[in-house]
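See below for final_27.cif, which holds mmCIF, C-alpha atoms and all ligand atoms.
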data_work
loop_
_atom_site.label_atom_id
_atom_site.label_comp_id
_atom_site.auth_asym_id
_atom_site.auth_seq_id
_atom_site.Cartn_x
_atom_site.Cartn_y
_atom_site.Cartn_z
CA MET Z 313 9.58 -39.95 79.96
CA ALA Z 314 9.03 -36.69 78.12
CA ASP Z 315 6.88 -34.11 79.89
CA ASN Z 316 5.14 -32.94 76.80
CA ASN Z 317 3.05 -34.49 74.13
CA VAL Z 318 3.18 -33.42 70.50
CA GLN Z 319 -0.06 -33.77 68.57
CA VAL Z 320 -0.97 -33.33 64.90
CA VAL Z 321 -4.13 -31.31 65.08
CA LEU Z 322 -6.62 -30.46 62.33
CA ALA Z 323 -6.14 -26.71 61.82
CA ALA Z 324 -8.71 -26.21 59.05
CA TYR Z 325 -11.27 -28.24 57.14
CA ALA Z 326 -9.86 -29.40 53.83
CA ASN Z 327 -10.84 -27.67 50.65
CA GLY Z 328 -10.25 -30.22 47.88
CA THR Z 329 -6.93 -32.05 48.10
CA PRO Z 330 -5.53 -31.84 51.65
CA LYS Z 331 -2.58 -29.50 52.24
CA GLU Z 332 0.07 -29.52 54.93
CA SER Z 333 -1.29 -26.17 56.13
CA ASP Z 334 -4.57 -27.89 57.05
CA PHE Z 335 -2.68 -29.24 60.08
CA ARG Z 336 -0.62 -27.84 62.92
CA LEU Z 337 1.56 -29.31 65.64
CA ASP Z 338 0.45 -28.64 69.21
CA ARG Z 339 2.58 -29.24 72.28
CA THR Z 340 0.52 -30.20 75.30
CA PRO Z 341 1.46 -31.37 78.81
CA LEU Z 342 0.89 -35.00 79.75
CA ARG Z 343 -1.61 -35.43 82.55
CA ALA Z 344 -1.44 -38.05 85.30
CA LEU Z 345 -3.06 -41.44 84.64
CA GLU Z 346 -6.46 -42.05 86.17
CA PRO Z 347 -7.56 -45.50 87.40
CA GLY Z 348 -8.09 -47.87 84.45
CA GLU Z 349 -5.93 -45.81 82.09
CA PHE Z 350 -2.61 -46.50 80.43
CA ARG Z 351 -0.13 -44.47 78.38
CA VAL Z 352 1.09 -45.45 74.94
CA ARG Z 353 4.29 -44.10 73.41
CA SER Z 354 3.73 -44.01 69.65
CA ILE Z 355 6.31 -45.69 67.43
CA TYR Z 356 4.55 -45.72 64.03
CA LEU Z 357 1.68 -43.48 62.97
CA SER Z 358 -0.52 -44.73 60.18
CA VAL Z 359 -1.55 -42.33 57.42
CA ASP Z 360 -4.60 -43.54 55.51
CA PRO Z 361 -6.72 -42.07 52.72
CA PHE Z 362 -9.96 -42.54 54.70
CA LEU Z 363 -8.79 -39.91 57.19
CA ARG Z 364 -9.64 -37.34 54.54
CA MET Z 365 -13.28 -37.87 55.56
CA GLN Z 366 -12.46 -36.48 58.99
CA MET Z 367 -11.36 -33.24 57.39
CA ASN Z 368 -14.87 -32.21 56.41
CA PRO Z 369 -17.19 -30.25 58.66
CA THR Z 370 -19.14 -32.30 61.16
CA THR Z 371 -22.34 -34.17 60.40
CA ALA Z 372 -22.86 -35.74 57.02
CA ALA Z 373 -19.47 -36.16 55.37
CA ASN Z 374 -17.77 -36.99 58.64
CA GLN Z 375 -20.35 -39.55 59.63
CA THR Z 376 -18.28 -42.64 58.89
CA SER Z 377 -15.70 -41.58 61.43
CA ARG Z 378 -18.47 -40.86 63.91
CA LYS Z 379 -19.97 -44.27 63.28
CA TYR Z 380 -16.84 -45.71 64.88
CA GLY Z 381 -16.69 -43.18 67.66
CA VAL Z 382 -13.59 -41.67 66.08
CA ILE Z 383 -14.04 -37.96 65.76
CA THR Z 384 -11.77 -35.25 64.50
CA ASP Z 385 -12.77 -31.63 64.34
CA VAL Z 386 -10.85 -28.42 63.90
CA GLY Z 387 -8.61 -28.07 66.93
CA ARG Z 388 -8.64 -31.80 67.74
CA VAL Z 389 -5.96 -34.42 67.20
CA MET Z 390 -6.30 -36.35 63.93
CA ALA Z 391 -7.75 -39.75 64.79
CA GLY Z 392 -5.25 -41.91 62.93
CA GLY Z 393 -3.93 -45.37 63.74
CA VAL Z 394 -0.94 -45.91 66.03
CA LEU Z 395 1.43 -48.75 66.81
CA GLY Z 396 3.08 -48.08 70.12
CA GLU Z 397 4.44 -49.32 73.44
CA VAL Z 398 2.69 -49.09 76.80
CA THR Z 399 4.93 -47.02 79.09
CA ASP Z 400 2.73 -46.70 82.22
CA SER Z 401 -0.43 -48.46 83.22
CA ASN Z 402 -3.24 -48.41 85.75
CA HIS Z 403 -5.12 -50.88 83.59
CA PRO Z 404 -5.71 -54.54 84.52
CA THR Z 405 -4.95 -55.93 81.04
CA PHE Z 406 -2.47 -53.59 79.41
CA ARG Z 407 1.00 -53.76 81.00
CA ARG Z 408 4.13 -51.69 80.66
CA GLY Z 409 6.09 -53.02 77.67
CA ASP Z 410 3.05 -54.31 75.73
CA ILE Z 411 3.03 -53.40 72.06
CA VAL Z 412 -0.43 -52.23 71.05
CA GLU Z 413 -2.30 -50.99 68.00
CA GLY Z 414 -5.36 -48.79 67.89
CA ILE Z 415 -6.88 -45.58 66.61
CA LEU Z 416 -5.08 -43.49 69.20
CA GLY Z 417 -4.48 -40.36 67.15
CA TRP Z 418 -1.45 -38.78 65.52
CA GLN Z 419 0.51 -37.90 68.64
CA LEU Z 420 3.65 -38.93 70.48
CA PHE Z 421 1.77 -40.16 73.57
CA CYS Z 422 -1.80 -41.27 74.07
CA THR Z 423 -3.51 -41.63 77.44
CA THR Z 424 -6.39 -44.05 77.07
CA ASN Z 425 -8.57 -46.61 78.81
CA GLY Z 426 -8.37 -48.83 75.69
CA TRP Z 427 -11.65 -47.64 74.24
CA ILE Z 428 -12.20 -44.64 72.06
CA SER Z 429 -15.87 -44.92 72.89
CA LYS Z 430 -17.70 -47.39 75.10
CA ARG Z 431 -20.07 -48.16 72.24
CA HIS Z 432 -17.41 -48.76 69.62
CA ASN Z 433 -15.21 -51.73 70.25
CA PRO Z 434 -13.69 -51.55 66.72
CA ALA Z 435 -11.74 -48.45 67.65
CA GLY Z 436 -10.38 -50.18 70.76
CA VAL Z 437 -6.76 -50.99 71.44
CA VAL Z 438 -5.38 -54.49 70.80
CA LYS Z 439 -2.17 -56.16 71.91
CA CYS Z 440 0.22 -57.31 69.17
CA ASP Z 441 1.41 -60.90 69.33
CA LEU Z 442 5.18 -60.53 69.07
CA SER Z 443 5.61 -64.33 69.05
CA LEU Z 444 4.50 -64.29 65.40
CA GLY Z 445 8.07 -63.34 64.54
CA VAL Z 446 7.39 -60.63 61.96
CA PRO Z 447 9.02 -57.19 61.98
CA LEU Z 448 7.28 -54.83 64.42
CA SER Z 449 6.24 -52.37 61.73
CA ALA Z 450 4.23 -55.14 60.03
CA PHE Z 451 1.58 -54.73 62.74
CA ALA Z 452 1.00 -51.22 61.41
CA SER Z 453 1.15 -52.16 57.72
CA VAL Z 454 0.38 -55.58 56.28
CA LEU Z 455 -1.04 -56.88 59.58
CA GLY Z 456 -2.70 -53.55 60.34
CA ARG Z 457 -6.08 -52.37 59.12
CA ALA Z 458 -4.87 -51.85 55.52
CA GLY Z 459 -3.70 -55.46 55.14
CA LEU Z 460 -6.65 -56.82 57.11
CA THR Z 461 -8.98 -54.99 54.75
CA ALA Z 462 -7.48 -56.90 51.82
CA TYR Z 463 -7.59 -60.17 53.74
CA TYR Z 464 -11.21 -60.04 54.91
CA CYS Z 465 -12.58 -58.43 51.78
CA MET Z 466 -10.99 -61.09 49.59
CA ILE Z 467 -11.30 -64.18 51.77
CA ARG Z 468 -14.69 -63.56 53.37
CA GLU Z 469 -16.59 -61.47 50.86
CA LEU Z 470 -15.21 -61.64 47.31
CA ARG Z 471 -14.13 -65.29 47.62
CA PRO Z 472 -11.79 -65.65 44.63
CA ARG Z 473 -11.94 -68.95 42.73
CA LYS Z 474 -9.42 -70.49 40.38
CA GLY Z 475 -9.72 -68.93 36.93
CA ASP Z 476 -11.54 -65.76 38.07
CA THR Z 477 -10.45 -62.47 36.54
CA VAL Z 478 -9.86 -60.01 39.39
CA VAL Z 479 -9.42 -56.26 38.88
CA ILE Z 480 -7.94 -54.10 41.64
CA THR Z 481 -7.50 -50.32 41.71
CA SER Z 482 -4.80 -48.53 43.71
CA ALA Z 483 -3.10 -51.86 43.11
CA ALA Z 484 0.36 -50.91 44.41
CA GLY Z 485 -1.04 -49.36 47.59
CA ALA Z 486 -1.21 -50.75 51.09
CA GLY Z 487 -4.36 -52.84 50.62
CA GLY Z 488 -4.44 -53.38 46.85
CA SER Z 489 -0.97 -54.96 46.79
CA ILE Z 490 -2.08 -57.53 49.39
CA ALA Z 491 -5.50 -58.17 47.83
CA GLY Z 492 -3.89 -58.99 44.47
CA GLN Z 493 -1.48 -61.49 46.01
CA ILE Z 494 -4.31 -63.25 47.85
CA ALA Z 495 -6.20 -63.59 44.55
CA LYS Z 496 -3.05 -64.98 42.91
CA MET Z 497 -2.75 -67.59 45.69
CA GLU Z 498 -6.25 -68.76 44.74
CA GLY Z 499 -5.26 -69.15 41.07
CA CYS Z 500 -6.90 -66.03 39.63
CA ARG Z 501 -5.89 -63.81 36.74
CA VAL Z 502 -5.13 -60.48 38.45
CA VAL Z 503 -5.19 -57.09 36.75
CA GLY Z 504 -4.01 -54.03 38.66
CA LEU Z 505 -4.53 -50.34 37.90
CA THR Z 506 -2.09 -47.79 39.22
CA SER Z 507 -0.49 -44.46 38.36
CA THR Z 508 3.20 -44.92 37.48
CA ASP Z 509 5.39 -47.30 35.51
CA ALA Z 510 7.42 -48.04 38.66
CA LYS Z 511 4.23 -49.18 40.41
CA VAL Z 512 3.20 -51.28 37.38
CA LYS Z 513 6.62 -52.91 37.47
CA TYR Z 514 6.27 -53.59 41.21
CA ILE Z 515 2.90 -55.32 40.97
CA THR Z 516 3.75 -57.39 37.91
CA GLU Z 517 7.43 -58.25 38.43
CA GLU Z 518 7.61 -58.44 42.24
CA LEU Z 519 4.08 -59.38 43.26
CA GLY Z 520 3.12 -61.55 40.29
CA PHE Z 521 0.02 -59.70 39.04
CA ASP Z 522 -0.72 -60.82 35.46
CA VAL Z 523 -1.32 -57.35 34.04
CA GLY Z 524 -0.58 -53.83 35.26
CA ILE Z 525 -2.22 -50.81 33.66
CA ASN Z 526 -0.91 -47.29 34.15
CA TYR Z 527 -4.26 -45.47 34.19
CA ARG Z 528 -2.57 -42.08 33.77
CA THR Z 529 -0.62 -42.82 30.61
CA VAL Z 530 -2.76 -45.42 28.87
CA ASN Z 531 -4.39 -44.05 25.70
CA ASP Z 532 -7.74 -45.75 26.10
CA LEU Z 533 -8.48 -47.21 29.54
CA ARG Z 534 -11.57 -49.09 28.38
CA ALA Z 535 -9.69 -50.73 25.50
CA ALA Z 536 -6.83 -51.68 27.82
CA LEU Z 537 -9.28 -53.22 30.28
CA ARG Z 538 -11.06 -55.16 27.50
CA GLN Z 539 -7.72 -56.54 26.36
CA ALA Z 540 -6.67 -57.44 29.92
CA CYS Z 541 -10.04 -59.03 30.74
CA PRO Z 542 -11.22 -60.81 27.57
CA ASN Z 543 -13.79 -62.85 29.53
CA GLY Z 544 -15.00 -59.93 31.62
CA VAL Z 545 -14.42 -59.12 35.29
CA ASP Z 546 -15.45 -61.67 37.91
CA ILE Z 547 -14.17 -59.76 40.95
CA HIS Z 548 -13.88 -55.99 41.23
CA TYR Z 549 -11.96 -54.74 44.29
CA ASP Z 550 -12.69 -51.02 44.16
CA ASN Z 551 -10.32 -48.77 46.09
CA VAL Z 552 -11.00 -45.55 44.21
CA GLY Z 553 -14.54 -45.19 42.82
CA GLY Z 554 -14.97 -42.52 40.11
CA GLU Z 555 -14.22 -43.00 36.43
CA MET Z 556 -12.04 -46.06 36.94
CA ALA Z 557 -14.86 -47.82 38.77
CA ASP Z 558 -17.28 -46.89 35.96
CA ALA Z 559 -14.95 -48.31 33.28
CA ILE Z 560 -14.39 -51.58 35.15
CA THR Z 561 -18.10 -51.91 35.97
CA GLU Z 562 -18.88 -51.98 32.22
CA LEU Z 563 -16.97 -55.27 32.05
CA HIS Z 564 -18.59 -57.00 35.02
CA ALA Z 565 -19.29 -60.62 34.04
CA PRO Z 566 -22.52 -62.44 34.94
CA GLY Z 567 -22.26 -63.52 38.58
CA HIS Z 568 -19.48 -61.02 39.30
CA ARG Z 569 -18.61 -59.96 42.86
CA TYR Z 570 -18.00 -56.30 43.69
CA ARG Z 571 -16.95 -54.51 46.88
CA LEU Z 572 -16.55 -50.81 47.39
CA VAL Z 573 -13.48 -50.69 49.60
CA GLY Z 574 -12.51 -47.04 49.26
CA LEU Z 575 -13.06 -43.87 47.30
CA ALA Z 576 -9.59 -42.41 46.88
CA SER Z 577 -10.57 -40.55 43.71
CA GLU Z 578 -13.63 -38.98 45.34
CA TYR Z 579 -12.66 -38.09 48.90
CA ASN Z 580 -11.45 -34.67 47.81
CA THR Z 581 -14.41 -33.78 45.62
CA VAL Z 582 -17.45 -35.05 47.49
CA PRO Z 583 -19.86 -32.21 48.38
CA LYS Z 584 -19.31 -31.34 52.02
CA ASP Z 585 -22.94 -31.85 52.98
CA LYS Z 586 -23.33 -35.26 51.35
CA PRO Z 587 -22.61 -38.49 53.24
CA PHE Z 588 -20.02 -40.62 51.45
CA TRP Z 589 -21.98 -43.74 52.06
CA SER Z 590 -25.11 -42.53 50.28
CA TRP Z 591 -23.52 -43.07 46.84
CA PRO Z 592 -25.61 -45.53 44.77
CA TYR Z 593 -22.95 -48.22 44.51
CA HIS Z 594 -22.26 -48.12 48.22
CA ARG Z 595 -24.76 -50.87 48.70
CA ARG Z 596 -21.86 -53.26 48.41
CA GLN Z 597 -19.55 -51.40 50.74
CA PHE Z 598 -16.89 -53.31 52.68
CA VAL Z 599 -16.08 -52.31 56.27
CA VAL Z 600 -13.05 -53.93 57.87
CA HIS Z 601 -14.30 -53.21 61.39
CA ASP Z 602 -17.09 -55.74 60.83
CA TYR Z 603 -14.35 -58.36 61.30
CA THR Z 604 -12.66 -57.02 64.43
CA ALA Z 605 -13.58 -60.06 66.48
CA ASP Z 606 -11.63 -62.27 64.06
CA PHE Z 607 -8.54 -60.05 63.56
CA GLU Z 608 -6.37 -62.36 65.66
CA ASN Z 609 -6.94 -65.20 63.19
CA GLY Z 610 -6.42 -63.05 60.11
CA ILE Z 611 -3.19 -61.66 61.53
CA ARG Z 612 -1.92 -65.13 62.36
CA GLU Z 613 -2.64 -66.49 58.88
CA MET Z 614 -1.06 -63.53 57.10
CA ALA Z 615 2.01 -63.67 59.36
CA TRP Z 616 2.39 -67.32 58.37
CA TRP Z 617 2.13 -66.41 54.66
CA ILE Z 618 4.82 -63.76 55.16
CA LYS Z 619 7.18 -66.19 56.85
CA GLU Z 620 6.53 -68.80 54.15
CA GLY Z 621 7.41 -66.20 51.49
CA GLN Z 622 3.91 -66.35 49.98
CA LEU Z 623 2.99 -62.76 50.82
CA LYS Z 624 5.22 -59.77 50.12
CA TYR Z 625 4.72 -56.25 51.36
CA ARG Z 626 6.43 -52.89 51.22
CA GLU Z 627 6.45 -50.05 53.69
CA ASP Z 628 7.07 -46.45 52.77
CA ILE Z 629 8.28 -44.85 55.99
CA LEU Z 630 8.83 -41.17 56.68
CA VAL Z 631 10.51 -40.16 59.93
CA GLY Z 632 9.43 -37.55 62.49
CA ILE Z 633 5.99 -36.50 63.68
CA GLU Z 634 6.42 -33.15 61.94
CA ASN Z 635 6.37 -35.04 58.62
CA THR Z 636 2.96 -36.63 59.27
CA PRO Z 637 0.92 -34.01 57.35
CA LYS Z 638 3.34 -34.26 54.41
CA ALA Z 639 3.13 -38.08 54.49
CA PHE Z 640 -0.66 -37.97 54.53
CA CYS Z 641 -1.04 -35.35 51.79
CA GLY Z 642 1.36 -37.30 49.59
CA LEU Z 643 -1.09 -40.21 49.47
CA PHE Z 644 -3.33 -38.03 47.29
CA HIS Z 645 -0.40 -37.40 44.94
CA SER Z 646 0.17 -41.16 44.56
CA GLU Z 647 3.60 -40.97 46.22
CA ASN Z 648 3.50 -44.27 48.10
CA ILE Z 649 4.25 -47.84 47.12
CA GLY Z 650 2.85 -50.13 49.81
CA LYS Z 651 1.82 -48.90 53.25
CA ARG Z 652 2.84 -45.39 54.20
CA LEU Z 653 3.82 -44.90 57.83
CA VAL Z 654 5.52 -42.27 59.92
CA LYS Z 655 8.13 -43.43 62.42
CA VAL Z 656 8.08 -41.15 65.45
CA ALA Z 657 10.18 -43.14 67.96
CA GLU Z 658 12.65 -45.99 67.97
CA GLU Z 659 11.37 -49.53 68.30
CA PRO Z 660 12.05 -51.10 71.70
CA THR Z 661 14.83 -53.66 71.77
CA ARG Z 662 13.36 -57.16 71.59
CA PRO Z 663 14.91 -60.27 73.06
CA ASN Z 664 16.28 -62.70 70.43
N1 LIG U 701 -13.61 -50.15 53.79
C1 LIG U 701 -12.68 -50.30 54.73
O1 LIG U 701 -12.90 -50.89 55.77
C2 LIG U 701 -11.33 -49.70 54.44
C3 LIG U 701 -10.23 -49.93 55.31
C4 LIG U 701 -8.99 -49.40 54.97
C5 LIG U 701 -8.86 -48.63 53.81
N2 LIG U 701 -9.94 -48.39 53.04
C6 LIG U 701 -9.86 -47.63 51.79
O2 LIG U 701 -9.18 -48.44 50.85
C7 LIG U 701 -8.48 -47.62 49.92
C8 LIG U 701 -7.02 -48.06 49.90
O3 LIG U 701 -6.48 -47.78 51.17
P1 LIG U 701 -4.99 -48.08 51.49
O4 LIG U 701 -4.81 -47.89 52.94
O5 LIG U 701 -4.62 -49.37 50.85
O6 LIG U 701 -4.25 -46.87 50.80
P2 LIG U 701 -3.35 -46.75 49.49
O7 LIG U 701 -3.91 -47.59 48.38
O8 LIG U 701 -1.94 -46.95 49.84
O9 LIG U 701 -3.70 -45.24 49.17
C9 LIG U 701 -2.90 -44.33 48.49
C10 LIG U 701 -3.03 -44.52 47.01
O10 LIG U 701 -4.34 -44.13 46.58
C11 LIG U 701 -4.28 -43.82 45.20
N3 LIG U 701 -4.94 -42.53 44.94
C12 LIG U 701 -4.78 -41.38 45.63
N4 LIG U 701 -5.52 -40.40 45.06
C13 LIG U 701 -6.14 -40.96 43.99
C14 LIG U 701 -7.05 -40.48 43.00
N5 LIG U 701 -7.47 -39.20 43.00
N6 LIG U 701 -7.48 -41.33 42.06
C15 LIG U 701 -7.07 -42.62 42.05
N7 LIG U 701 -6.22 -43.16 42.95
C16 LIG U 701 -5.77 -42.32 43.91
C17 LIG U 701 -2.82 -43.69 44.85
O11 LIG U 701 -2.43 -44.86 44.15
P3 LIG U 701 -2.19 -44.86 42.54
O12 LIG U 701 -0.74 -44.62 42.36
O13 LIG U 701 -2.62 -46.19 42.11
O14 LIG U 701 -3.00 -43.71 41.99
C18 LIG U 701 -2.14 -43.65 46.19
O15 LIG U 701 -0.80 -44.09 46.16
C19 LIG U 701 -8.65 -46.19 50.38
O16 LIG U 701 -9.64 -45.56 49.61
C20 LIG U 701 -9.07 -46.35 51.83
O17 LIG U 701 -9.83 -45.26 52.28
C21 LIG U 701 -11.16 -48.93 53.32
#
Rewritten as structure tokens:
Amino acid sequence: MADNNVQVVLAAYANGTPKESDFRLDRTPLRALEPGEFRVRSIYLSVDPFLRMQMNPTTAANQTSRKYGVITDVGRVMAGGVLGEVTDSNHPTFRRGDIVEGILGWQLFCTTNGWISKRHNPAGVVKCDLSLGVPLSAFASVLGRAGLTAYYCMIRELRPRKGDTVVITSAAGAGGSIAGQIAKMEGCRVVGLTSTDAKVKYITEELGFDVGINYRTVNDLRAALRQACPNGVDIHYDNVGGEMADAITELHAPGHRYRLVGLASEYNTVPKDKPFWSWPYHRRQFVVHDYTADFENGIREMAWWIKEGQLKYREDILVGIENTPKAFCGLFHSENIGKRLVKVAEEPTRPN
């Protein structure tokens, strides 16, 4: 057991696109466990675009994080997701050797009672069911909050039907790549928007999307969308907001379904004193934590799809906690295909 923890701490509020210098690494001693607490050794840290909201000054723009009892401020550890192993425990439920997932912060070790806040179960720690027989990292990627977002948003809220035209932005990313495949399973025509030809190739040739549009190089986005969606858009899975959302919205068909999943194109430009969730189209906002109580079922079904070869996923893994800021900032430069993670420790050996 190491004596010291290493934490990725917010060093400065972000000004526009996040920079590596907005973070610093702090070394802190590990304290003894109190009754009811356990210690988690991080294996994978999750870097996610929504964490950009935590990099604004307190109050308004940071309110979504606060809603879940997950708070970052200058000088505090970034409240990102972690997949890790319990190394010591004074807790009745969590035992040494358990593999757990939760919003435990970007750090090598977390000392926790399993709750980030008594009021906010969604941020709590959950045990991973290793009997599902998927690679361990999957619990941080496709079976983590990014994949579960795609699953619940599609299955429970957008409800794709055979013949629907479905448009997805950030289509090669962690959630978009899964959402598109779920719509394909239901017999939809799926159109994905993304930023490079390699990503277009991935979603169309590997994942089976019907059309991929490179929104950066296309001459006329609206014309390309009209051509890809001749009967209009029945389902709009919006990961980015902004101009792309406006262009797709113009093609919404009668009876269309829309969910605001994320705002990747706006996180860096929103006025610091304005709550994200006050935007007009946020009325139809999706929140994955509304489904926490059902995660076990969603994870089981997706794990089955993976084993049956019906659901593919990619992970984009950087190594070393010192690379966490770089991994996170790179999301806003469209570097990742699939779910971006940072591996900070070796996986434990698992029995065959
Ligand atoms: N509502 C919820 O409960 C919930 C839960 C999880 C995630 N989310 C949100 O869902 C969205 C997708 O999350 P994810 O985890 O799947 O991440 P992701 O799609 O892997 O996010 C990274 C990607 O975002 C795109 N992007 C970055 N900056 C952009 C910009 N300025 N304009 C347009 N696209 C940009 C890039 O893809 P391109 O190459 O395509 O540009 C980049 O590769 C995020 O906005 C996230 O905050 C919401």
**OP:** Would you list the residues that come within 7 Å of ligand LIG 701 (chain U)? Count all atoms listed in the file and give the answer as a VMD selection string.
**Re:** chain Z and resid 360 to 362 457 to 458 461 481 to 488 505 to 508 551 to 552 573 to 578 597 to 601 643 to 652
Original post:
How far is it from CA of Glu469 (chain Z) to CA of Arg569 (chain Z), in Å with one decimal?
Top reply: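 CA of Arg569 (chain Z) lies 8.4 Å from CA of Glu469 (chain Z).
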**OP:** Find the residues near Ala491 (chain Z): any atom within 9 Å, counting all atoms listed in the file, skip ones fewer than 6 places away on the same chain, and give them as a ChimeraX atom specification.
**Re:** /Z:459,461-463,465-466,480,483,549
**OP:** May I ask which of the residues Z:Thr399, Z:Thr384, Z:Ser333, Z:Ser443 is the closest one to Phe350 (chain Z), counting only C-alpha atoms?
**Re:**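 Nearest to Phe350 (chain Z): Z:Thr399.
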Original post:
How many Å separate CA of Arg501 (chain Z) from CA of Trp616 (chain Z)?
Top reply: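 These atoms are spaced 23.4 Å apart.
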Which centre and edge lengths in Å to one decimal define the box along x, y and z that fits every listed atom of region 408-422 of chain Z plus 5 Å per side, as JSON?
{"center_x": -0.4, "center_y": -46.1, "center_z": 73.1, "size_x": 23.0, "size_y": 26.4, "size_z": 25.1}
Original post:
Just how far from CA of Val503 (chain Z) is CA of Glu555 (chain Z), in Å to one decimal?
Top reply: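 Interatomic distance here is 16.7 Å.
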**OP:** Choose the residue, out of Z:Ile611, Z:Leu533, Z:Leu395, Z:Leu470, that has the smallest atom-to-atom separation from Asp550 (chain Z); count all atoms listed in the file.
**Re:** Z:Leu470
Original post:
Can you list, as a PyMOL selection string, every protein, DNA or RNA residue that comes within 12 Å of Pro347 (chain Z) when you count all atoms listed in the file, leaving out same-chain residues fewer than 4 positions away?
Top reply: chain Z and resi 351+400-404+423-425
With C-alpha atoms retained, could you export that selection as an mmCIF file, keeping the file's coordinate frame?
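Written file, selection_25.cif:
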data_model
loop_
_atom_site.group_PDB
_atom_site.id
_atom_site.type_symbol
_atom_site.label_atom_id
_atom_site.label_comp_id
_atom_site.auth_asym_id
_atom_site.auth_seq_id
_atom_site.Cartn_x
_atom_site.Cartn_y
_atom_site.Cartn_z
ATOM 1 C CA ARG Z 351 -0.130 -44.470 78.380
ATOM 2 C CA ASP Z 400 2.730 -46.700 82.220
ATOM 3 C CA SER Z 401 -0.430 -48.460 83.220
ATOM 4 C CA ASN Z 402 -3.240 -48.410 85.750
ATOM 5 C CA HIS Z 403 -5.120 -50.880 83.590
ATOM 6 C CA PRO Z 404 -5.710 -54.540 84.520
ATOM 7 C CA THR Z 423 -3.510 -41.630 77.440
ATOM 8 C CA THR Z 424 -6.390 -44.050 77.070
ATOM 9 C CA ASN Z 425 -8.570 -46.610 78.810
#
Original post:
Of the residues Z:Asn526, Z:Asn580, Z:Gln539, Z:Thr661, which is the one nearest to Thr329 (chain Z), using all atoms listed in the file?
Top reply: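 Of all the options, Z:Asn580 lies closest to Thr329 (chain Z).
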Original post:
Using only C-alpha atoms, which residues sit within 8 Å of Ala639 (chain Z) once same-chain residues fewer than 4 positions away are excluded, as a list in words?
Top reply: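 Returned residues: Val359, Leu630, Asn635, Leu643, Arg652, Leu653 and Val654 of chain Z.
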**OP:** Have a look at Z:Gly328, Z:Gly621, Z:Gly504, Z:Gly348 and name the one nearest to Arg364 (chain Z); count all atoms listed in the file.
**Re:**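 Counting all atoms listed in the file, the residue closest to Arg364 (chain Z) is Z:Gly328.
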